[in-house]
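Asker: Handing you this structure, nothing more for now.
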Amino acid sequence: MSKFFAKLYIWVLLVVLYAPLVFIAVFSFTESKVLGSWEGFSTHLYQNLLTGQMQGNASLLAAVKNTLLIALVAAAFSTLLGTIAAIGIHNLRGRKKKVVTFLNNIPMINPDIITGVSLFLLFVFLHFSQGYVSVILAHITFCTPYVVLSVLPKLQQMNPNIYEAALDLGATPSQALWKVLVPELKPGMISGFILAFTMSLDDFAVTFFTRGTIGLDTLSTYIYTDARKGGLTPELRPLMTLIFLIILILLVIINVRQDRMNKQNANR
Amino acid sequence: MSKRSNWSIPYVVFLVLFVVLPLVLVLVYAFQDNSGHFTLGNITKFFTDKDALSTFAVSLEVALENTLLCILIGYPAAWILSNKQYNKSAVTIVLFIMPMWINALMRTLATAQLFTMLGITLGKGTLLFGMVYDYLPFMIYPIYNVLSKMDKSYAEAAVDLGATPWKAFWKVTVPLSMPGVTSGILMVFMPTVSTFAISEFLTNNKIKLFGTIIQENINSSMWNYGAALALIMLVIIGITSLFSKDKEEMEGGLI
Amino acid sequence: MSETDKIIEIQHLSKSFGDKKVLEDINLYIRRGEFITLLGPSGCGKTTLLRMIAGFLQPDEGSLLMDGKELAGIPPHERPLNTVFQRYALFPHLDVYDNIAFGLKLKKVPEEEIEKRVRKVLKLVAMSDYEDRDVETLSGGQQQRIAIARAIVNQPKVLLLDEPLAALDLKMRKDMQIELKEMHRKLGITFIYVTHDQEEALTLSDTIVVLNEGRIQQIGTPVDIYNEPVNCFVADFIGESNILKGRMLRDRRVAFIKHEFDCVDEGFGEDVPVDVVVRPEDIYFTTDPGKCQFKAKVNTCTFKGVHYEMWVDTDTGYELMIQDYDAYPVGSEVMLYIDPDDIQVMKKERVCNTLYGTVKDEETVELLGCDFPLRSSFEAGTEVKVEIPFDAIDLMDNLDDGVIDGEVHVILYMGNHYHLTIKTEDGDSLWVDTNDIWDKGDLVGIRLVPEKGIKITKKDE
C-alpha cells in the first residue's frame with residue numbers, strides 16, 4: 001500500500017515536471033504562431049528551423065551556433081585550467097589549500113547575477129571591449145570550479161604511489177604525467193568537461209551582462225529578448241523539442257553504458 | 001613532489017583576476033558616485049527607496065517560500081527515490097535531473113505559456129509554481145545523494161533500540177540527512193533571490209524580484225547603484241553561507 | 001668485509017618533516033645480495049628511509065651511497081633500483097602485460113625482448129596466463145605478484161619492498177613469504193624490505209634493522225635480535241617477553257623479582273640498576289627442589305596450539321608469562337628455574353625523567369611549557385634540572401585534573417607494574433610507572449607528586 005502511494009507521488013511529480021515540455025513538444029507539430037491553438041499537424045516549423053527560413057527572427061540559428069561555440073571553447077579551456085589547478089590544489093597543504101579551495105568555491109556559491117554584474121564591472125574597469133572573448137572568459141570563470149571538483153576526487157581516489165611507481169620504473173616526470181596521471185584523471189576530466197559544457201549552454205545571466213552591445217546572442221539571451229518583445233518565435237518549439245530529444249538520447253546512452261559497466265564489474 | 005603544488009598558481013592568478021578583483025570592484029563601485037568620488041549615497045538610497053525595499057522584501061519572501069516548498073515536496077521524493085524498496089532503477093532519478101539540463105529560460109517560458117493556455121492568471125501563485133518547478137531538482141538531488149549513501153544500519157540500530165520506524169526516521173535519518181538539505185537550500189535560496197528573467201516571464205512583469213532591479217540599474221548605466229545592490233546581495237550570501245559552512249565542515253564538506 | 005661487498009651505505013642520515021624529526025643520524029650499510037629488513041612500529045621512519053633510498057624524498061643531512069657513489073641529486077627514474085609499493089600501485093588503465101612492460105618500453109627495449117622478459121617474469125611469479133587481464137580484476141595476492149614482476153623485470157640491482165604483504169590475509173601472507181624468500185634466492189639481488197610485522201622480519205631476513213622514533217635500535221641477524229635484544233623496546237617488539245626491573249649485583253650475578261640469579265653478563269659494574277629480559281619459553285618447570293630458584297602459583301593456562309601459555313604469580317608478587325609443552329593446572333604450586341644463558345641483561349636507558357625548566361616562584365617551576373606546583377629554594381628565573389622518578393608522576397582520567405595533557409604511547413608490563421611512555425602534545429616524552437591499567441592511545445592528565453622525591457638542581461651542576 002505504502003509502495004503504491006510512494007510510486008504515485010513520484011509519478012505525479014514527474015508528470016507535473018514534464019507537462020510544460022510535453023506541451024511545447026506537442027505544439028511544435030503545428031504551424032500556429034500562438035501557443036495553444038492547434039491548427040492541424042504540420043512539420044513546417046521543423047523544416048523552417050532546419051532550412052533557416054524563419055517566420056520570426058532569423059538570428060535564432062546564429063544564436064544556437066554561438067551557444068555551442070562558446071560552450072565548446074569555454075568547456076575546453078575550463079577543463080585544461082581546472083585539471084592543472086586540481087593537481088596543484090591536491091598537492092597543496094594546510095592554509096594554502098584552504099584558501100585556494102575557498103576561492104574556488106566563490107563562483108559556485110555566487111548567484112549568476114553577481115558573477116555577471118561583477119565581471120561586467122571588471123570589463124568596464126579594464127576597458128575591455130565586450131563580445132565573444134569577454135563572454136568566454138566569463139564562462140570559464142564559472143565553469144572551471146566544476147572541473148576542479150570533478151578532477152579532485154579522482155586524484156584523491158588515486159593510489160598516491162602510482163605517479164612514483166612510474167618514476168621508479170624509469171619514467172621522467174613528464175612521461176609519468178602523460179602515461180599515468182592523465183589516463184587516470186581522464187574520467188574526471190570528461191565529466192568536468194560535460195558539466196562545464198552544460199553549465200555554459202544553460203547560462204543566461206552571466207552572458208547577458210558580459211556580451212556587450214555588439215549584438216551577440218546566445219540561445220538564452222535570444223529567448224529573453226524574444227519573450228520581452230511579447231512573442232515566442234514559433235521555431236523555438238521544434239528547437240526545444242529537438243534539444244530535449246538529444247539530451248534524452250544522450251542520457252539513455254550514458255545510462256545504458258554505465259549499467260553495462262556496473263554489471264560487468266559485478267560479474268567479475 | 002612539492003613542486004606540483006605550483007600547478008595551482010595559474011588558476012590562483014585567474015581566480016584573483018576574474019573572481020576576487022570583480023568582487024572588489026563591486027565594493028568599489030558601490031561606494032562611488034558617478035564621478036568616482038567616495039559616497040555612501042548608493043547604500044542610503046537603497047534604504048530610503050520604498051520600491052527597492054519592498055522588492056527586496058518580496059524577493060526574500062518568495063525565496064523563503066520557494067525553498068520551503070522545495071524541501072516539503074523534494075524531501076519525500078528524495079527519500080522515496082533513495083529507498084530500494086520503492087525504487088530500484090536509476091532511470092527515475094535521471095528523469096528528475098534531466099530538466100536541469102534543458103535551458104531554464106526555455107522551461108520557464110514553456111510553463112508560463114502553459115498557464116496562459118490553461119487560463120490561469122500570471123501572478124504570485126504561478127511565480128511560486130514556476131520557481132518550484134525550476135528549482136525542485138536542485139533540492140532533490142543533494143538530499144537524494146546523502147540519503148542513498150547513508151548507512152542503513154543507523155536507522156536499523158534505532159529500531160533495534162526500540163524506536164518505531166517513524167521515530168527512527170525523525171530522530172536518526174532526518175538529522176543525518178541535514179547536510180543534503182543544507183546544500184539544497186544553498187542551491188535554491190540564493191538563486192531564487194537573484195533571478196530576474198524567470199520572475200518576469202512567470203508574472204508578466206507584475207512581480208519584480210531583487211535580481212530584476214539590479215539588472216535594470218546596470219542596464220540603464222546606473223552602475224554604482226547597481227553595484228551597491230549587488231553588494232547587499234553579497235552580504236546576504238555571506239551570511240547564509242556562513243550558516244551552512246559549519247555544518248558542511250562537520251560532514252567533511254561537499255567536496 | 002671488503003668495500004665492494006657493500007652495495008648501499010648510509011651515513012649520518014637525518015630527515016625532518018616540519019618540526020618533526022623522522023630520522024636521526026642513521027648509519028647503516030647493506031651488503032650485496034642480502035635480504036635486509038627495516039622493522040619498526042608505524043611512524044618509526046622505516047618507510048621514510050626506504051623512500052629516500054628510492055629517491056622520492058631527499059635527506060636533510062648525511063649521505064646515501066650506492067656502490068660508493070652518492071645517490072643524492074639522482075632523480076628516482078635514473079636510480080638502478082625498483083620498488084614494490086605498499087598498495088601495489090599498479091596502473092589501472094593498463095593490463096598486466098603493459099604494466100610489466102612499462103619500464104622496458106620507456107627504456108626503448110626492442111619489442112621481442114620485452115615480450116621475452118615479460119613472459120619470463122610472469123613465469124617466475126607464477127602468473128603466466130594473466131597477460132591480458134585487467135589489473136583491477138585480479139585478487140590482492142595476484143596484484144602483489146604483478147607488482148613484484150613489474151619491478152624485477154627491469155633487473156634492478158636492489159629491490160625495495162614497502163610492506164608488500166600488509167594488505168593480504170594471514171594465510172596468503174604466509175605463502176607469499178615463502179615465495180619471496182625463494183625469489184630472493186633465485187634472483188640473487190639485494191632486497192630491502194620494510195615491515196612492522198616482527199614475525200615476517202624474523203622469517204625472511206638475513207639482517208634486521210630495528211627502528212623506533214627515527215633511530216636505529218639494533219642491527220643484527222634474526223637470532224641475535226631475538227636472543228639478545230639491546231633494550232626494552234626491542235625485547236618487547238620482537239616476540240613475547242618478560243621484561244623486568246633488576247639490579248646487577250656484580251659480574252655474572254643479577255637480582256630481579258626479588259630473587260638472585262646467575263647470568264653470563266659482565267661489565268655493568270656493581271649494584272647497578274638494569275633491565276632484564278627473560279623469554280617465556282626460557283622459564284623451566286622442575287620437580288627437583290635443588291634446581292628450583294623460585295616458586296610460583298599458576299594463575300591462568302591457555303592452549304596455544306603447539307604450547308601452553310601460562311601466567312604465574314611468583315612468591316614475591318610478580319607475574320610472569322611462561323610457555324611450555326606441558327600444562328600445569330591453575331592454582332597449583334610450581335617450582336621454576338632459569339638458565340644463566342637465557343637471562344638477557346640490558347643497560348637501563350634512563351633511571352628517571354630528566355627535564356629542564358625555569359623556576360617561576362617558590363611554589364612553581366615551569367616545565368614543558370606549563371607551570372607545575374613544585375617547591376624549590378631557587379630564585380625566580382633560575383634555570384633548573386628536574387629529575388622526576390617514574391613513580392612520581394600521576395596520571396588522571398580527567399584531563400582537567402592534570403597540569404598538562406598527554407597520550408599513552410607505549411605500554412610495557414614489568415611483572416608487577418606498567419611502565420608507560422607518555423607523549424605530550426608538543427611531542428615530549430615522559431616515562432611513568434603505574435599500577436593502573438591504561439590502553440595505548442588513552443588521553444591522560446599529567447600531575448607531579450612531589451612527595452615521591454623529585455630532585456631539583458641548578459642546570460649547570
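By order of appearance in the C-alpha cells: chains A, B, ..., then residues from 1 within every chain, and ligands from 1 in the order shown.
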If you run DSSP on the backbone, which residues of stretch 74-191 of chain B are helix (DSSP H, G or I), as number ranges by chain?
Answerer: B: 74-82, 90-101, 104-118, 124-149, 153-160, 165-176, 178-191
Asker: Got time to write the residues from that selection, C-alpha atoms, as an mmCIF file, in the first residue's frame?
Answerer:
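Once written, part01.cif looks like this:
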data_model
loop_
_atom_site.group_PDB
_atom_site.id
_atom_site.type_symbol
_atom_site.label_atom_id
_atom_site.label_comp_id
_atom_site.auth_asym_id
_atom_site.auth_seq_id
_atom_site.Cartn_x
_atom_site.Cartn_y
_atom_site.Cartn_z
ATOM 1 C CA GLY B 74 11.573 17.360 -2.523
ATOM 2 C CA TYR B 75 12.468 15.585 0.711
ATOM 3 C CA PRO B 76 9.799 12.868 0.417
ATOM 4 C CA ALA B 77 10.673 12.443 -3.246
ATOM 5 C CA ALA B 78 14.378 12.097 -2.443
ATOM 6 C CA TRP B 79 13.580 9.674 0.352
ATOM 7 C CA ILE B 80 11.391 7.515 -1.854
ATOM 8 C CA LEU B 81 13.975 7.565 -4.632
ATOM 9 C CA SER B 82 16.760 6.554 -2.274
ATOM 10 C CA ALA B 90 18.452 4.742 -11.660
ATOM 11 C CA VAL B 91 16.296 5.915 -14.559
ATOM 12 C CA THR B 92 13.754 7.583 -12.263
ATOM 13 C CA ILE B 93 16.495 9.708 -10.736
ATOM 14 C CA VAL B 94 17.773 10.631 -14.163
ATOM 15 C CA LEU B 95 14.246 11.665 -15.087
ATOM 16 C CA PHE B 96 14.242 14.059 -12.148
ATOM 17 C CA ILE B 97 17.597 15.544 -13.031
ATOM 18 C CA MET B 98 17.037 15.772 -16.753
ATOM 19 C CA PRO B 99 15.025 19.010 -16.776
ATOM 20 C CA MET B 100 18.085 20.662 -15.212
ATOM 21 C CA TRP B 101 19.843 20.024 -18.490
ATOM 22 C CA ALA B 104 15.986 27.205 -17.741
ATOM 23 C CA LEU B 105 14.569 30.135 -19.662
ATOM 24 C CA MET B 106 13.024 27.825 -22.198
ATOM 25 C CA ARG B 107 11.437 25.700 -19.479
ATOM 26 C CA THR B 108 10.133 28.762 -17.681
ATOM 27 C CA LEU B 109 8.723 30.167 -20.860
ATOM 28 C CA ALA B 110 7.003 26.874 -21.559
ATOM 29 C CA THR B 111 5.495 26.883 -18.081
ATOM 30 C CA ALA B 112 4.258 30.435 -18.455
ATOM 31 C CA GLN B 113 2.722 29.624 -21.832
ATOM 32 C CA LEU B 114 1.044 26.546 -20.405
ATOM 33 C CA PHE B 115 -0.508 28.661 -17.645
ATOM 34 C CA THR B 116 -1.743 31.196 -20.155
ATOM 35 C CA MET B 117 -3.286 28.493 -22.272
ATOM 36 C CA LEU B 118 -4.989 26.968 -19.259
ATOM 37 C CA LYS B 124 2.311 35.190 -7.227
ATOM 38 C CA GLY B 125 0.860 31.698 -7.479
ATOM 39 C CA THR B 126 2.268 30.994 -10.903
ATOM 40 C CA LEU B 127 5.579 32.567 -9.848
ATOM 41 C CA LEU B 128 5.916 30.152 -6.941
ATOM 42 C CA PHE B 129 4.834 27.226 -9.052
ATOM 43 C CA GLY B 130 7.370 28.090 -11.718
ATOM 44 C CA MET B 131 10.106 28.612 -9.160
ATOM 45 C CA VAL B 132 9.436 25.264 -7.505
ATOM 46 C CA TYR B 133 9.313 23.726 -10.937
ATOM 47 C CA ASP B 134 12.698 25.214 -11.809
ATOM 48 C CA TYR B 135 14.477 24.534 -8.543
ATOM 49 C CA LEU B 136 12.963 21.279 -7.266
ATOM 50 C CA PRO B 137 15.607 19.094 -8.936
ATOM 51 C CA PHE B 138 18.321 21.142 -7.196
ATOM 52 C CA MET B 139 16.745 20.244 -3.854
ATOM 53 C CA ILE B 140 16.013 16.597 -4.616
ATOM 54 C CA TYR B 141 19.453 15.753 -5.921
ATOM 55 C CA PRO B 142 21.667 16.644 -2.911
ATOM 56 C CA ILE B 143 19.179 15.139 -0.447
ATOM 57 C CA TYR B 144 18.964 12.004 -2.565
ATOM 58 C CA ASN B 145 22.748 11.837 -2.652
ATOM 59 C CA VAL B 146 23.091 11.968 1.115
ATOM 60 C CA LEU B 147 20.228 9.581 1.743
ATOM 61 C CA SER B 148 21.371 6.964 -0.728
ATOM 62 C CA LYS B 149 24.908 6.993 0.661
ATOM 63 C CA SER B 153 22.223 0.374 9.814
ATOM 64 C CA TYR B 154 21.788 3.725 11.615
ATOM 65 C CA ALA B 155 18.030 3.533 11.200
ATOM 66 C CA GLU B 156 18.107 -0.199 11.915
ATOM 67 C CA ALA B 157 20.056 0.424 15.103
ATOM 68 C CA ALA B 158 17.433 2.971 16.179
ATOM 69 C CA VAL B 159 14.641 0.479 15.554
ATOM 70 C CA ASP B 160 16.643 -2.185 17.353
ATOM 71 C CA PRO B 165 10.135 3.293 12.250
ATOM 72 C CA TRP B 166 8.543 6.737 12.290
ATOM 73 C CA LYS B 167 10.635 7.837 15.268
ATOM 74 C CA ALA B 168 13.753 6.321 13.744
ATOM 75 C CA PHE B 169 13.078 8.377 10.634
ATOM 76 C CA TRP B 170 12.705 11.635 12.557
ATOM 77 C CA LYS B 171 15.417 11.093 15.159
ATOM 78 C CA VAL B 172 18.057 9.456 13.002
ATOM 79 C CA THR B 173 17.504 9.631 9.259
ATOM 80 C CA VAL B 174 16.390 13.274 9.107
ATOM 81 C CA PRO B 175 19.198 14.690 11.291
ATOM 82 C CA LEU B 176 21.789 12.675 9.375
ATOM 83 C CA MET B 178 20.734 17.594 7.059
ATOM 84 C CA PRO B 179 23.931 18.203 5.051
ATOM 85 C CA GLY B 180 21.957 17.344 1.915
ATOM 86 C CA VAL B 181 19.147 19.670 2.924
ATOM 87 C CA THR B 182 21.666 22.438 3.654
ATOM 88 C CA SER B 183 23.299 22.209 0.269
ATOM 89 C CA GLY B 184 19.817 22.005 -1.279
ATOM 90 C CA ILE B 185 18.903 25.237 0.478
ATOM 91 C CA LEU B 186 22.111 26.840 -0.772
ATOM 92 C CA MET B 187 21.296 25.789 -4.321
ATOM 93 C CA VAL B 188 17.720 27.046 -4.118
ATOM 94 C CA PHE B 189 17.543 30.074 -1.834
ATOM 95 C CA MET B 190 20.162 32.438 -3.249
ATOM 96 C CA PRO B 191 19.425 31.748 -6.894
#
Asker: Can you list, as a VMD selection string, every protein, DNA or RNA residue that comes within 10 Å of stretch 194-197 of chain C when you count only C-alpha atoms, leaving out same-chain residues fewer than 6 positions away?
Answerer: chain C and resid 36 to 44 46 to 47 49 to 50 86 160 to 166 208 to 211 237 to 238
Asker: In Å, rounded to a single decimal, give me how far atom CA of C:Glu9 is from atom CA of C:Leu65.
Answerer: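 Pair atom CA of C:Leu65 / atom CA of C:Glu9 returns 5.0 Å.
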Asker: Provide as a ChimeraX atom specification the residues of chain A at most 6 Å from chain B, counting only C-alpha atoms.
Answerer: /A:3,20,36,84-85,88-89,91-92,111,118-119,122,202
Asker: Between C:Thr287, C:Gln58, C:Ser332, C:Thr221, which is the closest to chain B once you count only C-alpha atoms?
Answerer: C:Gln58
Asker: Given the choices A:Phe120, A:Tyr132, A:Phe29, A:Phe142, which gets closest to A:Thr43 if the distance is worked out from only C-alpha atoms?
Answerer: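 Between A:Phe120, A:Tyr132, A:Phe29, A:Phe142, the residue approaching A:Thr43 most closely is A:Phe29.
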Asker: Could you pull out the residues in stretch 213-318 of chain C that DSSP calls strand (DSSP E or B) from the backbone, as a count of residues only?
Answerer: 51
Asker: Please check the contacts: residues of chain C at most 12 Å away from chain B, using only C-alpha atoms, listed as a PyMOL selection string.
Answerer: chain C and resi 55-58+75-76
Asker: Write out the residues from the selection above, keeping N, CA and C atoms, as a tab-separated table (two decimals), in the first residue's frame.
Answerer:
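Below is the file again07.tsv, written as the result:
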chain	number	residue	atom	x	y	z
C	55	GLY	N	64.51	7.57	-3.77
C	55	GLY	CA	64.67	8.87	-4.39
C	55	GLY	C	63.43	9.74	-4.37
C	56	PHE	N	62.38	9.30	-3.67
C	56	PHE	CA	61.17	10.11	-3.61
C	56	PHE	C	61.29	11.21	-2.56
C	57	LEU	N	62.24	11.06	-1.67
C	57	LEU	CA	62.49	12.07	-0.65
C	57	LEU	C	63.98	12.36	-0.63
C	58	GLN	N	64.30	13.60	-0.30
C	58	GLN	CA	65.71	13.97	-0.20
C	58	GLN	C	66.09	14.06	1.27
C	75	PRO	N	67.60	11.69	-9.77
C	75	PRO	CA	66.14	11.52	-9.66
C	75	PRO	C	65.76	10.04	-9.66
C	76	PRO	N	64.60	9.71	-9.10
C	76	PRO	CA	64.22	8.31	-8.94
C	76	PRO	C	64.27	7.53	-10.25
Asker: Rounded to one decimal place, report the atom CA of C:Val223-atom CA of C:Ile8 distance in Å.
Answerer: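 Value for the atom CA of C:Val223-atom CA of C:Ile8 distance: 23.2 Å.
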Asker: With a cut-off of 12 Å, could you pull out the residues of chain C touching chain A and give me the nearest pair of atoms for each, distance in Å to one decimal, using only C-alpha atoms, ordered by chain and ascending number, as CSV?
Answerer:
residue,atom,partner,partner_atom,distance
C:Arg51,CA,A:Glu164,CA,9.9
C:Ile53,CA,A:Asp168,CA,11.1
C:Ala54,CA,A:Asp168,CA,7.3
C:Gly55,CA,A:Asp168,CA,8.4
C:Phe56,CA,A:Glu164,CA,7.3
C:Leu57,CA,A:Glu164,CA,10.9
C:Ile74,CA,A:Thr172,CA,11.8
C:Pro75,CA,A:Leu167,CA,8.4
C:Pro76,CA,A:Asp168,CA,5.6
C:His77,CA,A:Gly170,CA,4.0
C:Glu78,CA,A:Gly170,CA,6.2
C:Arg79,CA,A:Asp168,CA,7.8
C:Pro80,CA,A:Gly170,CA,9.0
C:Leu81,CA,A:Asp168,CA,7.6
C:Asn82,CA,A:Asp168,CA,5.7
C:Thr83,CA,A:Asp168,CA,6.5
C:Val84,CA,A:Ala165,CA,8.2
C:Phe85,CA,A:Asn161,CA,7.0
C:Gln86,CA,A:Asn161,CA,8.4
C:Arg87,CA,A:Asn159,CA,7.6
C:Tyr88,CA,A:Asn161,CA,8.2
C:Ala89,CA,A:Ile162,CA,4.8
C:Leu90,CA,A:Ile162,CA,6.8
C:Phe91,CA,A:Ile162,CA,6.6
C:Pro92,CA,A:Glu184,CA,7.5
C:His93,CA,A:Pro183,CA,6.8
C:Leu94,CA,A:Val180,CA,9.2
C:Asp98,CA,A:Lys179,CA,11.4
C:Asn99,CA,A:Ala166,CA,9.8
C:Ile100,CA,A:Leu169,CA,9.6
C:Ala101,CA,A:Leu169,CA,9.7
C:Phe102,CA,A:Leu169,CA,7.2
C:Gly103,CA,A:Leu169,CA,4.7
C:Leu104,CA,A:Leu169,CA,8.2
C:Lys105,CA,A:Gly170,CA,9.6
C:Leu106,CA,A:Ala171,CA,6.5
C:Lys107,CA,A:Gly170,CA,7.4
C:Lys108,CA,A:Gly170,CA,11.0
C:Arg133,CA,A:Arg268,CA,11.5
C:Asp134,CA,A:Arg268,CA,10.7
C:Val135,CA,A:Arg268,CA,11.9
C:Glu136,CA,A:Asn265,CA,9.6
C:Thr137,CA,A:Arg268,CA,6.7
C:Leu138,CA,A:Arg268,CA,9.4
C:Ser139,CA,A:Arg268,CA,10.7
C:Ala147,CA,A:Ala165,CA,9.7
C:Ile148,CA,A:Ala165,CA,11.8
C:Ala149,CA,A:Leu169,CA,11.7
C:Arg150,CA,A:Leu169,CA,8.2
C:Ala151,CA,A:Leu169,CA,7.2
C:Ile152,CA,A:Leu169,CA,9.9
C:Val153,CA,A:Leu169,CA,9.8
C:Asn154,CA,A:Leu169,CA,7.6
C:Gln155,CA,A:Leu169,CA,10.7
C:Pro156,CA,A:Leu169,CA,9.7
C:Val158,CA,A:Asp168,CA,11.9
C:Leu159,CA,A:Asp168,CA,10.8
C:Leu160,CA,A:Asp168,CA,10.3
C:Asp162,CA,A:Asn161,CA,11.0
Asker: Tell me, in Å to one decimal, how far atom CA of B:Phe38 is from atom CA of B:Thr240.
Answerer: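 We find that atom CA of B:Phe38 and atom CA of B:Thr240 lie 28.5 Å from each other.
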Asker: Name all residues at most 10 Å from B:Ser54 (count only C-alpha atoms; drop same-chain ones fewer than 4 positions away) and give them as a list in words.
Answerer: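 Result of the neighbour search: Asp49, Lys50, Val58, Ser59, Leu60, Lys208, Leu209 and Phe210 of chain B.
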Asker: When you look at stretch 222-234 of chain A with a cut-off of 10 Å (counting only C-alpha atoms), what residues show up, excluding the ones that are within fewer than 4 positions of it in the same chain? I need them as a PyMOL selection string.
Answerer: (chain A and resi 27-28+30-35+45-46+48-49+54-60+62-64+204+208+216-218+238-239) or (chain B and resi 103+105-106+109-110+113+197-198+200-201+204-205)
Asker: Could you write those residues out with C-alpha atoms, as a PDB file, in the first residue's frame?
Answerer:
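The file below, result16.pdb, is the result:
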ATOM      1  CA  PHE A  27       2.704  22.273 -30.312  1.00  0.00           C
ATOM      2  CA  SER A  28       5.916  22.044 -32.266  1.00  0.00           C
ATOM      3  CA  THR A  30       1.523  22.736 -35.706  1.00  0.00           C
ATOM      4  CA  GLU A  31       2.063  25.966 -37.533  1.00  0.00           C
ATOM      5  CA  SER A  32       0.153  28.372 -35.311  1.00  0.00           C
ATOM      6  CA  LYS A  33       2.003  31.484 -34.196  1.00  0.00           C
ATOM      7  CA  VAL A  34       0.433  31.429 -30.775  1.00  0.00           C
ATOM      8  CA  LEU A  35       0.898  28.531 -28.448  1.00  0.00           C
ATOM      9  CA  LEU A  45       8.279  24.527 -38.192  1.00  0.00           C
ATOM     10  CA  TYR A  46      10.915  21.809 -38.295  1.00  0.00           C
ATOM     11  CA  ASN A  48      11.873  26.180 -41.232  1.00  0.00           C
ATOM     12  CA  LEU A  49      14.271  25.547 -38.441  1.00  0.00           C
ATOM     13  CA  MET A  54      12.369  31.659 -40.128  1.00  0.00           C
ATOM     14  CA  GLN A  55       8.969  33.075 -39.717  1.00  0.00           C
ATOM     15  CA  GLY A  56      10.349  35.218 -36.972  1.00  0.00           C
ATOM     16  CA  ASN A  57      13.815  36.401 -36.224  1.00  0.00           C
ATOM     17  CA  ALA A  58      16.337  34.714 -38.475  1.00  0.00           C
ATOM     18  CA  SER A  59      19.151  35.120 -35.955  1.00  0.00           C
ATOM     19  CA  LEU A  60      17.895  32.102 -34.000  1.00  0.00           C
ATOM     20  CA  ALA A  62      23.152  32.174 -35.242  1.00  0.00           C
ATOM     21  CA  ALA A  63      22.277  32.163 -31.566  1.00  0.00           C
ATOM     22  CA  VAL A  64      22.349  28.372 -31.484  1.00  0.00           C
ATOM     23  CA  PHE A 204      21.759  33.286 -19.159  1.00  0.00           C
ATOM     24  CA  PHE A 208      23.560  38.782 -20.526  1.00  0.00           C
ATOM     25  CA  LEU A 216      25.997  38.827 -29.685  1.00  0.00           C
ATOM     26  CA  ASP A 217      23.177  36.455 -28.816  1.00  0.00           C
ATOM     27  CA  THR A 218      23.187  33.019 -27.291  1.00  0.00           C
ATOM     28  CA  PRO A 238      10.805  22.438 -32.570  1.00  0.00           C
ATOM     29  CA  LEU A 239      14.231  23.572 -31.404  1.00  0.00           C
TER      30      LEU A 239
ATOM     31  CA  ASN B 103      17.701  25.706 -20.785  1.00  0.00           C
ATOM     32  CA  LEU B 105      14.569  30.135 -19.662  1.00  0.00           C
ATOM     33  CA  MET B 106      13.024  27.825 -22.198  1.00  0.00           C
ATOM     34  CA  LEU B 109       8.723  30.167 -20.860  1.00  0.00           C
ATOM     35  CA  ALA B 110       7.003  26.874 -21.559  1.00  0.00           C
ATOM     36  CA  GLN B 113       2.722  29.624 -21.832  1.00  0.00           C
ATOM     37  CA  ALA B 197      14.206  36.696 -16.158  1.00  0.00           C
ATOM     38  CA  ILE B 198      12.197  33.910 -14.562  1.00  0.00           C
ATOM     39  CA  GLU B 200       9.386  38.458 -15.367  1.00  0.00           C
ATOM     40  CA  PHE B 201       8.166  35.597 -17.509  1.00  0.00           C
ATOM     41  CA  ASN B 204       4.170  39.034 -16.856  1.00  0.00           C
ATOM     42  CA  ASN B 205       6.352  41.642 -15.134  1.00  0.00           C
TER      43      ASN B 205
END
